[in-house]
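Asks: To start, I am sharing the structure in question, which I have written as structure tokens.
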Amino acid sequence: MVKENVPLSAYTTMGVGGCARKAVFASTVAELADAAEAGGVVLGRGSNIVAADSGYDGTVVFVRADGIRLTLDGVYAEAGATLAALAAFCRRQGLSGLEWAAGIPGTVGGAAVMNAGAFGGDFASAVLYVDTLGGRLEKAACGFGYRTSAIESAVLGACFAVSPDTPAAIGARIEKFAAVRRATQPQGKSAGSVFRAADLPAAVYIDRAGLKGTRVGGALVSEKHANFIVNTGGATAADVRALVKHIQQTVHARYGVQLIEEIRYLGDF
């Protein structure tokens, strides 16, 4: 499906941004491959994206190919499958190894590129191989690092190693992680963790700097978790960007630490 002038605020979890001039919604891997080959920025659920208020004067490919299936190697998920759906599938099948992914709204494609992780687990520790537009990459060829990878071609899907366990035991671990999320992470519109960890978690520096509750327009540093910026309603991309810069400058001035964004920007800022 192809649409024009699609509001990026409706397709990113931060809920900010103008329109993409053209949007392609790829519901199958074949459609995704064709759209990626034709060019454009590939996005899953926009869970770590801040889109510019001026929008994006180009094509955005929204990945909606989200099939998940068992294979001889493990569990295979198409690029548009959310990590939460993948973890839920594994739970039903009695397969352990992806409990950390439960509750994460990002997709397999985005998680591959940024090596998403939580609770001591990450994409790199679980994946066997990644299928991209340029071909299959075994784990060693992906160049995984902390919240980064060397994957440059559009991700089509990935296969994960799992091990058998009871659904009850898997569910107990998932619920334990979910309880931590509820207790420590804010509700509402956000892009998840804004900054990568430095020598300490970014939230530690932001909290110590007294920045919880700091606001620029409709963008607010969460009182619940200092590494989250929440759209309290009516925030603009400019608000979010200005707050990010303020946090970076304040932390650097006080502690000599340069916080690096985990979120990514789309369009001109």
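Note on naming: chains are A, B, ... as they come in the structure tokens, residues start from 1 per chain, ligands start from 1 in the order shown.
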Quick check for you: according to DSSP on this backbone, which residues of range 99-224 of chain A are classed as strand (DSSP E)? Reply as number ranges by chain.

Replies: A: 117-118, 121-122, 127-132, 135-138, 155-160, 163-164, 189-193, 215-216, 219-221

Asks: Contacts of range 177-181 of chain A at 9 Å or less, counting only C-alpha atoms, minus same-chain residues fewer than 6 places along, as a PyMOL selection string?

Replies: chain A and resi 99-100+102-103+119

Asks: Set out as CSV a contact list for range 38-121 of chain A and range 226-234 of chain A with a cut-off of 12 Å, giving each residue of range 38-121 of chain A that qualifies its closest atom pair and distance in Å to one decimal, counting only C-alpha atoms, ordered by chain and rising residue number.

Replies:
residue,atom,partner,partner_atom,distance
A:Asn48,CA,A:Phe228,CA,11.1
A:Val50,CA,A:Ile229,CA,11.1
A:Asp53,CA,A:Gly234,CA,11.8

Asks: Would you put the residues from that selection into a file with N, CA, C and O atoms, as a PDB file, in the first residue's frame?

Replies:
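As a result, again_17.pdb now contains:
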ATOM      1  N   ASN A  48      11.872   4.211  18.488  1.00  0.00           N
ATOM      2  CA  ASN A  48      13.041   4.990  18.943  1.00  0.00           C
ATOM      3  C   ASN A  48      13.339   6.134  17.977  1.00  0.00           C
ATOM      4  O   ASN A  48      14.474   6.565  17.848  1.00  0.00           O
ATOM      5  N   VAL A  50      12.515  10.059  16.501  1.00  0.00           N
ATOM      6  CA  VAL A  50      11.943  11.401  16.637  1.00  0.00           C
ATOM      7  C   VAL A  50      11.931  12.014  15.247  1.00  0.00           C
ATOM      8  O   VAL A  50      12.985  12.266  14.659  1.00  0.00           O
ATOM      9  N   ASP A  53       9.608  18.183  12.772  1.00  0.00           N
ATOM     10  CA  ASP A  53       8.329  18.884  12.610  1.00  0.00           C
ATOM     11  C   ASP A  53       8.036  19.179  11.146  1.00  0.00           C
ATOM     12  O   ASP A  53       6.871  19.251  10.744  1.00  0.00           O
TER      13      ASP A  53
END

Asks: My list of candidates is A:Ala51, A:Ala85, A:Ala203, A:Leu259. Which is closest to Ala10 in chain A when distances are computed with only C-alpha atoms?

Replies: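 Between A:Ala51, A:Ala85, A:Ala203, A:Leu259, the residue approaching Ala10 in chain A most closely is A:Ala51.
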
Asks: Check range 10-196 of chain A with DSSP on the backbone and list each residue it calls helix (DSSP H, G or I), as a PyMOL selection string.

Replies: chain A and resi 10+29-38+83-93+99-101+108-114+123-126+139-141+167-184

Asks: Using only C-alpha atoms, determine which residues lie at most 10 Å from range 126-128 of chain A, disregarding the query and same-chain residues fewer than 5 positions distant; provide the list as a list in words.

Replies: Asp73, Gly74, Val75, Tyr76, Gly97, Leu98, Ala112, Gly121, Leu137, Glu138, Lys139, Ala140, Ala158, Cys159, Phe160, Ala161 and Val162 of chain A

Asks: CA of Gly80 in chain A and CA of Thr184 in chain A, how far apart in Å?

Replies: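 Computing the Euclidean distance for CA of Thr184 in chain A and CA of Gly80 in chain A yields 27.0 Å.
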
Asks: Do you know which residues are at most 12 Å from Tyr56 in chain A counting only C-alpha atoms, after dropping those on the same chain fewer than 6 positions away, and could you put them as a list of chain:residue names?

Replies: A:Glu4, A:Asn5, A:Val6, A:Pro7, A:Leu8, A:Ser9, A:Gly17, A:Gly18, A:Cys19, A:Ala20, A:Arg21, A:Lys22, A:Ala23, A:Gly40, A:Val41, A:Val50, A:Tyr265, A:Leu266, A:Gly267, A:Asp268, A:Phe269

Asks: Name the closest residue to Asp66 in chain A among the candidates A:Ala238, A:Leu200, A:Ala219, A:Ala81; distances are taken between atoms, counting only C-alpha atoms.

Replies: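 For Asp66 in chain A, the nearest of the given residues is A:Ala81.
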
Asks: With distances taken over only C-alpha atoms, which of A:Ile151, A:Ala87, A:Val60, A:Leu156 is nearest to Met114 in chain A?

Replies: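 The answer is A:Ile151, which sits nearest to Met114 in chain A.
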
Asks: Can you tell me how far CA of Ala183 in chain A sits from CA of Pro201 in chain A, in Å to one decimal?

Replies: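 Pair CA of Ala183 in chain A / CA of Pro201 in chain A returns 17.3 Å.
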
Asks: Tell me, as a PyMOL selection string, which residues lie within 7 Å of Phe144 in chain A, counting only C-alpha atoms; anything in the same chain fewer than 6 positions away does not count.

Replies: chain A and resi 115+124+150

Asks: Determine the nearest neighbour of Gly67 in chain A from the options A:Ala116, A:Asp122, A:Arg91, A:Gly157, counting only C-alpha atoms.

Replies: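 Nearest to Gly67 in chain A: A:Gly157.
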
Asks: Using only C-alpha atoms, which of the listed residues (A:Leu243, A:Ala197, A:Ala111, A:Leu211) sits closest to Ile260 in chain A?

Replies: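 Closest to Ile260 in chain A, using only C-alpha atoms: A:Ala197.
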
Asks: Which residues are near Thr132 in chain A? Cut-off 6 Å, only C-alpha atoms, ignore same chain within fewer than 5 positions. Put them as an MDAnalysis selection string.

Replies: chainID A and resid 153:156

Asks: Report as a PDB file with all heavy atoms, in the first residue's frame all protein, DNA and RNA residues lying within 9 Å of Ile206 in chain A, evaluated on only C-alpha atoms, omitting residues in the same chain fewer than 2 positions from it.

Replies:
ATOM      1  N   ALA A 202      22.704   6.179  31.964  1.00  0.00           N
ATOM      2  CA  ALA A 202      22.451   7.592  31.691  1.00  0.00           C
ATOM      3  C   ALA A 202      21.493   8.193  32.712  1.00  0.00           C
ATOM      4  O   ALA A 202      21.639   9.363  33.108  1.00  0.00           O
ATOM      5  CB  ALA A 202      21.896   7.754  30.283  1.00  0.00           C
ATOM      6  N   ALA A 203      20.514   7.406  33.156  1.00  0.00           N
ATOM      7  CA  ALA A 203      19.530   7.916  34.114  1.00  0.00           C
ATOM      8  C   ALA A 203      20.178   8.377  35.412  1.00  0.00           C
ATOM      9  O   ALA A 203      19.696   9.320  36.054  1.00  0.00           O
ATOM     10  CB  ALA A 203      18.482   6.839  34.412  1.00  0.00           C
ATOM     11  N   VAL A 204      21.274   7.744  35.801  1.00  0.00           N
ATOM     12  CA  VAL A 204      21.965   8.127  37.031  1.00  0.00           C
ATOM     13  C   VAL A 204      22.494   9.549  36.904  1.00  0.00           C
ATOM     14  O   VAL A 204      22.312  10.389  37.808  1.00  0.00           O
ATOM     15  CB  VAL A 204      23.112   7.145  37.338  1.00  0.00           C
ATOM     16  CG1 VAL A 204      23.945   7.655  38.515  1.00  0.00           C
ATOM     17  CG2 VAL A 204      22.560   5.759  37.629  1.00  0.00           C
ATOM     18  N   ARG A 208      21.111  12.766  38.982  1.00  0.00           N
ATOM     19  CA  ARG A 208      22.048  13.494  39.842  1.00  0.00           C
ATOM     20  C   ARG A 208      22.143  14.965  39.452  1.00  0.00           C
ATOM     21  O   ARG A 208      22.388  15.828  40.303  1.00  0.00           O
ATOM     22  CB  ARG A 208      23.423  12.845  39.766  1.00  0.00           C
ATOM     23  CG  ARG A 208      23.534  11.520  40.502  1.00  0.00           C
ATOM     24  CD  ARG A 208      24.923  10.938  40.359  1.00  0.00           C
ATOM     25  NE  ARG A 208      25.054   9.657  41.053  1.00  0.00           N
ATOM     26  CZ  ARG A 208      26.151   8.905  41.010  1.00  0.00           C
ATOM     27  NH1 ARG A 208      27.216   9.305  40.306  1.00  0.00           N
ATOM     28  NH2 ARG A 208      26.193   7.754  41.658  1.00  0.00           N
ATOM     29  N   ALA A 209      21.953  15.239  38.176  1.00  0.00           N
ATOM     30  CA  ALA A 209      22.006  16.621  37.705  1.00  0.00           C
ATOM     31  C   ALA A 209      20.728  17.391  38.026  1.00  0.00           C
ATOM     32  O   ALA A 209      20.625  18.583  37.716  1.00  0.00           O
ATOM     33  CB  ALA A 209      22.266  16.648  36.203  1.00  0.00           C
ATOM     34  N   GLY A 210      19.769  16.730  38.648  1.00  0.00           N
ATOM     35  CA  GLY A 210      18.530  17.395  39.045  1.00  0.00           C
ATOM     36  C   GLY A 210      17.601  17.712  37.895  1.00  0.00           C
ATOM     37  O   GLY A 210      16.808  18.653  37.971  1.00  0.00           O
ATOM     38  N   LEU A 211      17.665  16.881  36.847  1.00  0.00           N
ATOM     39  CA  LEU A 211      16.918  17.198  35.627  1.00  0.00           C
ATOM     40  C   LEU A 211      15.553  16.521  35.534  1.00  0.00           C
ATOM     41  O   LEU A 211      14.795  16.795  34.605  1.00  0.00           O
ATOM     42  CB  LEU A 211      17.756  16.841  34.395  1.00  0.00           C
ATOM     43  CG  LEU A 211      18.991  17.719  34.192  1.00  0.00           C
ATOM     44  CD1 LEU A 211      19.881  17.132  33.108  1.00  0.00           C
ATOM     45  CD2 LEU A 211      18.584  19.145  33.839  1.00  0.00           C
ATOM     46  N   LYS A 212      15.229  15.626  36.463  1.00  0.00           N
ATOM     47  CA  LYS A 212      13.890  15.049  36.444  1.00  0.00           C
ATOM     48  C   LYS A 212      12.846  16.158  36.549  1.00  0.00           C
ATOM     49  O   LYS A 212      12.985  17.086  37.346  1.00  0.00           O
ATOM     50  CB  LYS A 212      13.710  14.073  37.614  1.00  0.00           C
ATOM     51  CG  LYS A 212      14.252  12.685  37.384  1.00  0.00           C
ATOM     52  CD  LYS A 212      13.873  11.765  38.542  1.00  0.00           C
ATOM     53  CE  LYS A 212      14.259  10.339  38.273  1.00  0.00           C
ATOM     54  NZ  LYS A 212      13.878   9.439  39.393  1.00  0.00           N
ATOM     55  N   ALA A 226      14.593   8.870  34.631  1.00  0.00           N
ATOM     56  CA  ALA A 226      15.236  10.068  34.095  1.00  0.00           C
ATOM     57  C   ALA A 226      15.713   9.924  32.657  1.00  0.00           C
ATOM     58  O   ALA A 226      15.969  10.930  31.997  1.00  0.00           O
ATOM     59  CB  ALA A 226      16.417  10.462  34.986  1.00  0.00           C
ATOM     60  N   ASN A 227      15.819   8.691  32.151  1.00  0.00           N
ATOM     61  CA  ASN A 227      16.274   8.507  30.775  1.00  0.00           C
ATOM     62  C   ASN A 227      15.120   8.401  29.788  1.00  0.00           C
ATOM     63  O   ASN A 227      15.294   7.954  28.664  1.00  0.00           O
ATOM     64  CB  ASN A 227      17.173   7.265  30.660  1.00  0.00           C
ATOM     65  CG  ASN A 227      18.029   7.290  29.403  1.00  0.00           C
ATOM     66  OD1 ASN A 227      18.266   8.340  28.806  1.00  0.00           O
ATOM     67  ND2 ASN A 227      18.499   6.128  28.995  1.00  0.00           N
ATOM     68  N   ILE A 247      19.881  18.384  28.302  1.00  0.00           N
ATOM     69  CA  ILE A 247      20.362  17.292  29.168  1.00  0.00           C
ATOM     70  C   ILE A 247      21.837  17.031  28.902  1.00  0.00           C
ATOM     71  O   ILE A 247      22.644  16.926  29.836  1.00  0.00           O
ATOM     72  CB  ILE A 247      19.532  16.017  28.934  1.00  0.00           C
ATOM     73  CG1 ILE A 247      18.096  16.214  29.401  1.00  0.00           C
ATOM     74  CG2 ILE A 247      20.165  14.822  29.655  1.00  0.00           C
ATOM     75  CD1 ILE A 247      17.146  15.120  28.945  1.00  0.00           C
ATOM     76  N   GLN A 248      22.202  16.912  27.632  1.00  0.00           N
ATOM     77  CA  GLN A 248      23.595  16.637  27.269  1.00  0.00           C
ATOM     78  C   GLN A 248      24.534  17.722  27.790  1.00  0.00           C
ATOM     79  O   GLN A 248      25.587  17.430  28.371  1.00  0.00           O
ATOM     80  CB  GLN A 248      23.723  16.510  25.759  1.00  0.00           C
ATOM     81  CG  GLN A 248      23.131  15.239  25.180  1.00  0.00           C
ATOM     82  CD  GLN A 248      23.171  15.207  23.676  1.00  0.00           C
ATOM     83  OE1 GLN A 248      22.861  16.196  23.016  1.00  0.00           O
ATOM     84  NE2 GLN A 248      23.558  14.069  23.112  1.00  0.00           N
ATOM     85  N   THR A 250      24.042  19.906  30.235  1.00  0.00           N
ATOM     86  CA  THR A 250      24.076  19.977  31.695  1.00  0.00           C
ATOM     87  C   THR A 250      24.925  18.860  32.284  1.00  0.00           C
ATOM     88  O   THR A 250      25.763  19.092  33.169  1.00  0.00           O
ATOM     89  CB  THR A 250      22.653  19.899  32.263  1.00  0.00           C
ATOM     90  OG1 THR A 250      21.864  20.963  31.719  1.00  0.00           O
ATOM     91  CG2 THR A 250      22.664  20.009  33.780  1.00  0.00           C
ATOM     92  N   VAL A 251      24.728  17.634  31.793  1.00  0.00           N
ATOM     93  CA  VAL A 251      25.492  16.493  32.299  1.00  0.00           C
ATOM     94  C   VAL A 251      26.974  16.651  31.974  1.00  0.00           C
ATOM     95  O   VAL A 251      27.847  16.381  32.806  1.00  0.00           O
ATOM     96  CB  VAL A 251      24.933  15.171  31.734  1.00  0.00           C
ATOM     97  CG1 VAL A 251      25.887  14.006  32.016  1.00  0.00           C
ATOM     98  CG2 VAL A 251      23.555  14.878  32.318  1.00  0.00           C
TER      99      VAL A 251
END
